[in-house]
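Some notes on the structure that comes next.
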Amino acid sequence: MRPFFSRIIKPWLALTAAAIVAGASQQACTQDSAAKAPAAPAAVEVGKRENGVHVVELAVTEKGYEPSPVQLKKGEPVKLVVTRKTDMTCATELVMDEYKIDTKLPLNTPVEIAFTPSQSGTLRYGCAMGKMIAGTFVVE
């Protein structure tokens with residue numbers, strides 16, 4: 001009985017104990033990481049108002065659409081002035097499905113896009129490749 005215990009049971013117990021300790025420390029790391037994870041950036045109101053229209057300047061850079069998220073108001077007309085400043089991303093268009101917007105963005109040329117947010121919430125826009133590069137508007 002003793003050789004069986006020494007050769008089989010002891011290693012099995014050691015492996016089980018190691019797995020329990022590793023699982024507990026991994027769970028603690030996950031909980032710590034979740035607690036320390038940075039919150040999503042708050043939406044900021046950018047731009048200016050001209051004749052009742054909220055004018056927002058966006059740039060397409062290597063980091064994506066900037067700034068993002070941007071705060072908008074429901075029912076207030078918006079004019080985006082989008083300038084693509086890089087050729088190093090797939091963001092050569094701005095697509096916003098909810099408003100049937102699909103606008104080409106030539107390099108270093110400001111493009112105006114007008115729409116009026118009709119619903120509150122988060123509005124996601126992005127490139128034509130499934131919004132792989134994207135930005136958001138927070139409509140209040």
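Residue numbers start at 1 in each chain; chains themselves are named A, B, ... in the order of the structure tokens; ligands are numbered from 1 in the order shown.
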
> A:Ala134: which residues within 8 Å, counting only C-alpha atoms, same-chain residues fewer than 2 positions away excluded, as a PyMOL selection string?
Replying inline: chain A and resi 64-65+124-127+131-132+136

Could the residues in this selection be saved with C-alpha atoms as a short mmCIF file (atom, residue, chain, number, x, y, z; two decimals), in the first residue's frame?
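again33.cif, freshly written:
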```cif
data_model
loop_
_atom_site.label_atom_id
_atom_site.label_comp_id
_atom_site.auth_asym_id
_atom_site.auth_seq_id
_atom_site.Cartn_x
_atom_site.Cartn_y
_atom_site.Cartn_z
CA GLY A 64 -8.53 56.29 -35.58
CA TYR A 65 -11.27 58.91 -35.51
CA ARG A 124 -21.23 54.24 -33.57
CA TYR A 125 -19.59 55.21 -36.85
CA GLY A 126 -16.49 53.92 -38.57
CA CYS A 127 -14.68 52.64 -41.61
CA LYS A 131 -16.26 49.60 -38.48
CA MET A 132 -12.96 47.95 -37.63
CA THR A 136 -18.78 57.09 -31.12
#
```

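Closest approach to A:Ala128 among A:Glu93, A:Glu98, A:Glu57, A:Glu140 is made by A:Glu93 (distances from only C-alpha atoms).
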
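Checking A:Ile9, A:Gly130, A:Thr122, A:Val138 one by one against A:Leu94, counting only C-alpha atoms, you find the shortest gap at A:Gly130.
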
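Atom CA of A:Cys90 to atom CA of A:Ser68 spans 17.4 Å [interatomic distance, one decimal].
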
> Pick from A:Val55, A:Leu72, A:Val95, A:Val82: nearest to A:Ser120, with only C-alpha atoms counted?
Replying inline: A:Leu72

Distance query A:Thr83 at most 6 Å, only C-alpha atoms, self and fewer than 3 positions along chain excluded, as a compact mmCIF listing (two decimals) with N, CA and C atoms, in the first residue's frame:
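Below is the file out_24.txt, written as the result:
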```
# COMPACT_ATOMS: atom_id res chain seq x y z
N ALA A 59 -10.79 64.25 -37.05
CA ALA A 59 -9.61 63.90 -37.83
C ALA A 59 -9.48 62.38 -37.85
N ASN A 108 -6.24 64.44 -46.71
CA ASN A 108 -5.97 65.86 -46.44
C ASN A 108 -6.99 66.83 -47.04
N THR A 109 -8.23 66.37 -47.18
CA THR A 109 -9.29 67.22 -47.71
C THR A 109 -10.47 67.20 -46.75
N PRO A 110 -10.85 68.35 -46.16
CA PRO A 110 -12.00 68.38 -45.26
C PRO A 110 -13.28 68.01 -46.02
```

> Mind pulling up the distance from atom CA of A:Thr86 to atom CA of A:Gly121?
Replying inline: 29.5 Å

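The coordinates place atom CA of A:Thr92 at 25.9 Å from atom CA of A:Ser118.
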